[in-house]
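Since the structure comes first, as structure tokens, the remarks are kept for the end.
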Amino acid sequence: MIKRPAFNLMIEIVPHDDPDVIVVRMQGIAPINGFEKLAGALETSTQNGDARILFDWTKLQEWKLSSSEPKMTESWIRLARATRCAAIVHHSRWNRQAAWLAAALRLHDVKVRSWRRDEGDRAMAWLRSDCSSLVRAEAPSSNAAVFE
């Protein structure tokens, strides 16, 4: 388990029993450059080019974006190229950040879905199914968005 503190933000990269699944937990208060810190924390974890990433933002307390953030930096381009699919589990107040992340990853043909805070198990099931199945039995809620 790797923990990387950044101001009041903790980014934790948790190994999974499936070597192609990476769980990234963010908690606390994200600084203005939180997106860049997130990409940098993941660079060494996505070397194989076939990563499936679960972004767990359920414990984030605050994340304000500046007018210049987010940017599609080299770190994000490398991350996107190394990723097959990503699930973002978050509170609806992080919809803007989730939408940006989904759009940035989709530019490089990454499959991305966004899930409500209480749907972490479903998000993981989707990742483990090779991101090809629809694991949601009910219609998407107003707090979740599908970015496919």
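Here, A, B, ... name the chains of the structure tokens in the order displayed, residue numbers run from 1 inside each chain, and ligands are numbered from 1 in the same displayed order.
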Worksheet item: What lies within 12 Å of Gly120 (chain A) using only C-alpha atoms, ignoring chain neighbours under 3 positions off, as a list in words?
Response: Val23, Arg25, Leu54, Phe55, Asp56, Trp57, Thr58, Ala87, Ile88, Val89, His90, His91, Arg113, Ser114, Trp115, Arg116, Arg117, Ala123, Met124, Ala125, Trp126, Leu127, Val135, Arg136 and Ala144 of chain A
Worksheet entry | helix (DSSP H, G or I) call set, DSSP backbone run, region 8-129 of chain A, as a PyMOL selection string | chain A and resi 34-45+74-81+92-106+117-128
Go ahead and write the residues just picked, N, CA and C atoms, as a compact mmCIF listing (two decimals), in the first residue's frame.
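selection_18.txt, written as the output of this step:
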# COMPACT_ATOMS: atom_id res chain seq x y z
N GLY A 34 -5.07 19.30 -7.46
CA GLY A 34 -5.40 17.92 -7.11
C GLY A 34 -5.38 16.95 -8.27
N PHE A 35 -5.79 17.39 -9.45
CA PHE A 35 -5.77 16.50 -10.61
C PHE A 35 -4.35 16.09 -10.97
N GLU A 36 -3.43 17.03 -10.93
CA GLU A 36 -2.05 16.70 -11.26
C GLU A 36 -1.43 15.77 -10.22
N LYS A 37 -1.76 15.99 -8.96
CA LYS A 37 -1.27 15.11 -7.90
C LYS A 37 -1.81 13.71 -8.09
N LEU A 38 -3.06 13.59 -8.51
CA LEU A 38 -3.67 12.29 -8.74
C LEU A 38 -2.96 11.55 -9.87
N ALA A 39 -2.73 12.21 -10.97
CA ALA A 39 -2.05 11.58 -12.11
C ALA A 39 -0.63 11.17 -11.72
N GLY A 40 0.07 12.03 -11.01
CA GLY A 40 1.44 11.72 -10.60
C GLY A 40 1.50 10.52 -9.68
N ALA A 41 0.53 10.39 -8.78
CA ALA A 41 0.51 9.27 -7.85
C ALA A 41 0.30 7.94 -8.57
N LEU A 42 -0.37 7.98 -9.70
CA LEU A 42 -0.69 6.75 -10.42
C LEU A 42 0.35 6.33 -11.45
N GLU A 43 1.25 7.20 -11.80
CA GLU A 43 2.18 6.91 -12.90
C GLU A 43 2.92 5.59 -12.76
N THR A 44 3.44 5.29 -11.60
CA THR A 44 4.20 4.05 -11.45
C THR A 44 3.32 2.82 -11.29
N SER A 45 2.03 3.01 -11.03
CA SER A 45 1.13 1.88 -10.84
C SER A 45 0.50 1.38 -12.12
N GLU A 74 1.11 15.84 -19.60
CA GLU A 74 1.80 14.60 -20.00
C GLU A 74 1.50 13.47 -19.03
N SER A 75 1.39 13.78 -17.75
CA SER A 75 1.08 12.74 -16.77
C SER A 75 -0.27 12.10 -17.06
N TRP A 76 -1.26 12.94 -17.39
CA TRP A 76 -2.59 12.40 -17.69
C TRP A 76 -2.59 11.64 -19.01
N ILE A 77 -1.86 12.09 -19.98
CA ILE A 77 -1.81 11.39 -21.26
C ILE A 77 -1.19 10.01 -21.07
N ARG A 78 -0.08 9.94 -20.32
CA ARG A 78 0.54 8.64 -20.04
C ARG A 78 -0.41 7.73 -19.27
N LEU A 79 -1.10 8.28 -18.28
CA LEU A 79 -2.05 7.49 -17.50
C LEU A 79 -3.17 6.96 -18.38
N ALA A 80 -3.74 7.81 -19.22
CA ALA A 80 -4.83 7.39 -20.10
C ALA A 80 -4.38 6.28 -21.05
N ARG A 81 -3.20 6.41 -21.59
CA ARG A 81 -2.69 5.40 -22.52
C ARG A 81 -2.45 4.05 -21.85
N SER A 92 -22.28 13.30 -5.47
CA SER A 92 -22.71 14.11 -6.62
C SER A 92 -22.03 15.48 -6.66
N ARG A 93 -21.53 15.98 -5.54
CA ARG A 93 -20.86 17.29 -5.57
C ARG A 93 -19.55 17.25 -6.35
N TRP A 94 -19.04 16.04 -6.65
CA TRP A 94 -17.82 15.91 -7.44
C TRP A 94 -18.13 15.57 -8.89
N ASN A 95 -19.35 15.83 -9.33
CA ASN A 95 -19.72 15.53 -10.73
C ASN A 95 -18.84 16.26 -11.74
N ARG A 96 -18.50 17.50 -11.46
CA ARG A 96 -17.67 18.27 -12.40
C ARG A 96 -16.29 17.62 -12.56
N GLN A 97 -15.68 17.25 -11.43
CA GLN A 97 -14.38 16.61 -11.48
C GLN A 97 -14.46 15.25 -12.16
N ALA A 98 -15.51 14.49 -11.88
CA ALA A 98 -15.69 13.17 -12.51
C ALA A 98 -15.91 13.32 -14.02
N ALA A 99 -16.67 14.32 -14.41
CA ALA A 99 -16.91 14.55 -15.84
C ALA A 99 -15.61 14.91 -16.55
N TRP A 100 -14.78 15.75 -15.92
CA TRP A 100 -13.51 16.10 -16.55
C TRP A 100 -12.62 14.87 -16.68
N LEU A 101 -12.52 14.09 -15.59
CA LEU A 101 -11.68 12.90 -15.63
C LEU A 101 -12.17 11.93 -16.70
N ALA A 102 -13.48 11.72 -16.78
CA ALA A 102 -14.04 10.83 -17.79
C ALA A 102 -13.72 11.32 -19.20
N ALA A 103 -13.89 12.61 -19.43
CA ALA A 103 -13.62 13.16 -20.76
C ALA A 103 -12.14 13.03 -21.12
N ALA A 104 -11.26 13.31 -20.17
CA ALA A 104 -9.82 13.21 -20.43
C ALA A 104 -9.42 11.78 -20.77
N LEU A 105 -9.97 10.83 -20.04
CA LEU A 105 -9.64 9.42 -20.30
C LEU A 105 -10.25 8.92 -21.61
N ARG A 106 -11.48 9.36 -21.89
CA ARG A 106 -12.15 8.93 -23.12
C ARG A 106 -11.45 9.42 -24.37
N ARG A 117 -21.87 6.99 -4.36
CA ARG A 117 -21.03 6.59 -3.22
C ARG A 117 -21.35 5.19 -2.70
N ASP A 118 -22.60 4.80 -2.73
CA ASP A 118 -22.99 3.50 -2.18
C ASP A 118 -22.89 2.36 -3.21
N GLU A 119 -22.31 2.62 -4.37
CA GLU A 119 -22.24 1.61 -5.41
C GLU A 119 -20.81 1.13 -5.70
N GLY A 120 -19.95 1.21 -4.70
CA GLY A 120 -18.57 0.78 -4.87
C GLY A 120 -18.45 -0.67 -5.28
N ASP A 121 -19.29 -1.54 -4.70
CA ASP A 121 -19.24 -2.96 -5.05
C ASP A 121 -19.63 -3.19 -6.50
N ARG A 122 -20.61 -2.46 -6.97
CA ARG A 122 -21.01 -2.59 -8.38
C ARG A 122 -19.94 -2.06 -9.32
N ALA A 123 -19.30 -0.97 -8.91
CA ALA A 123 -18.22 -0.43 -9.73
C ALA A 123 -17.08 -1.44 -9.84
N MET A 124 -16.74 -2.08 -8.72
CA MET A 124 -15.68 -3.08 -8.74
C MET A 124 -16.10 -4.29 -9.59
N ALA A 125 -17.35 -4.70 -9.49
CA ALA A 125 -17.83 -5.82 -10.32
C ALA A 125 -17.71 -5.48 -11.80
N TRP A 126 -18.02 -4.24 -12.15
CA TRP A 126 -17.90 -3.81 -13.55
C TRP A 126 -16.44 -3.88 -14.00
N LEU A 127 -15.53 -3.41 -13.18
CA LEU A 127 -14.10 -3.47 -13.52
C LEU A 127 -13.63 -4.91 -13.66
N ARG A 128 -14.06 -5.76 -12.75
CA ARG A 128 -13.63 -7.16 -12.78
C ARG A 128 -14.25 -7.93 -13.94
Worksheet item: In Å, with one decimal, what is the gap from CA of Glu62 (chain A) to CA of Val24 (chain A)?
Response: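 CA of Glu62 (chain A) sits 16.9 Å away from CA of Val24 (chain A).
Interatomic distance, CA of Met26 (chain A) against CA of Leu65 (chain A): 15.6 Å.
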Discussion item. Which of region 17-101 of chain A end up as strand (DSSP E or B) when DSSP is run on this backbone - answer as a PyMOL selection string?
Written reply: chain A and resi 21-30+51-63+83-89
Output of the above residues as a short mmCIF file (atom, residue, chain, number, x, y, z; two decimals), in the first residue's frame, restricted to C-alpha atoms:
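Contents of the output file result11.cif:
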data_model
loop_
_atom_site.label_atom_id
_atom_site.label_comp_id
_atom_site.auth_asym_id
_atom_site.auth_seq_id
_atom_site.Cartn_x
_atom_site.Cartn_y
_atom_site.Cartn_z
CA VAL A 21 -7.14 -3.60 -11.04
CA ILE A 22 -5.89 -0.56 -9.12
CA VAL A 23 -7.90 1.07 -6.35
CA VAL A 24 -7.16 4.77 -5.80
CA ARG A 25 -8.66 6.28 -2.66
CA MET A 26 -8.67 10.02 -2.18
CA GLN A 27 -9.67 11.55 1.12
CA GLY A 28 -9.48 14.89 2.82
CA ILE A 29 -9.19 18.26 1.12
CA ALA A 30 -7.78 18.31 -2.39
CA ALA A 51 -5.00 -1.02 -16.08
CA ARG A 52 -8.51 -1.00 -14.71
CA ILE A 53 -8.79 1.76 -12.11
CA LEU A 54 -11.35 2.35 -9.37
CA PHE A 55 -11.25 5.99 -8.26
CA ASP A 56 -12.80 6.06 -4.78
CA TRP A 57 -13.66 9.66 -3.91
CA THR A 58 -16.21 8.79 -1.21
CA LYS A 59 -14.14 10.38 1.57
CA LEU A 60 -13.22 13.61 -0.15
CA GLN A 61 -14.24 16.61 1.90
CA GLU A 62 -13.42 19.47 -0.45
CA TRP A 63 -12.05 19.90 -3.96
CA THR A 83 -5.65 2.44 -18.80
CA ARG A 84 -8.33 0.21 -20.31
CA CYS A 85 -11.23 1.34 -18.12
CA ALA A 86 -12.00 3.37 -15.02
CA ALA A 87 -14.81 3.56 -12.48
CA ILE A 88 -15.29 6.72 -10.44
CA VAL A 89 -17.21 6.33 -7.16
#
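The space between CA of His108 (chain A) and CA of Pro15 (chain A) spans 24.0 Å.
Proximity to Asp130 (chain A) was assessed for A:Asp18, A:Leu107, A:Thr73, A:Lys64 counting only C-alpha atoms; the smallest distance is recorded for A:Asp18.
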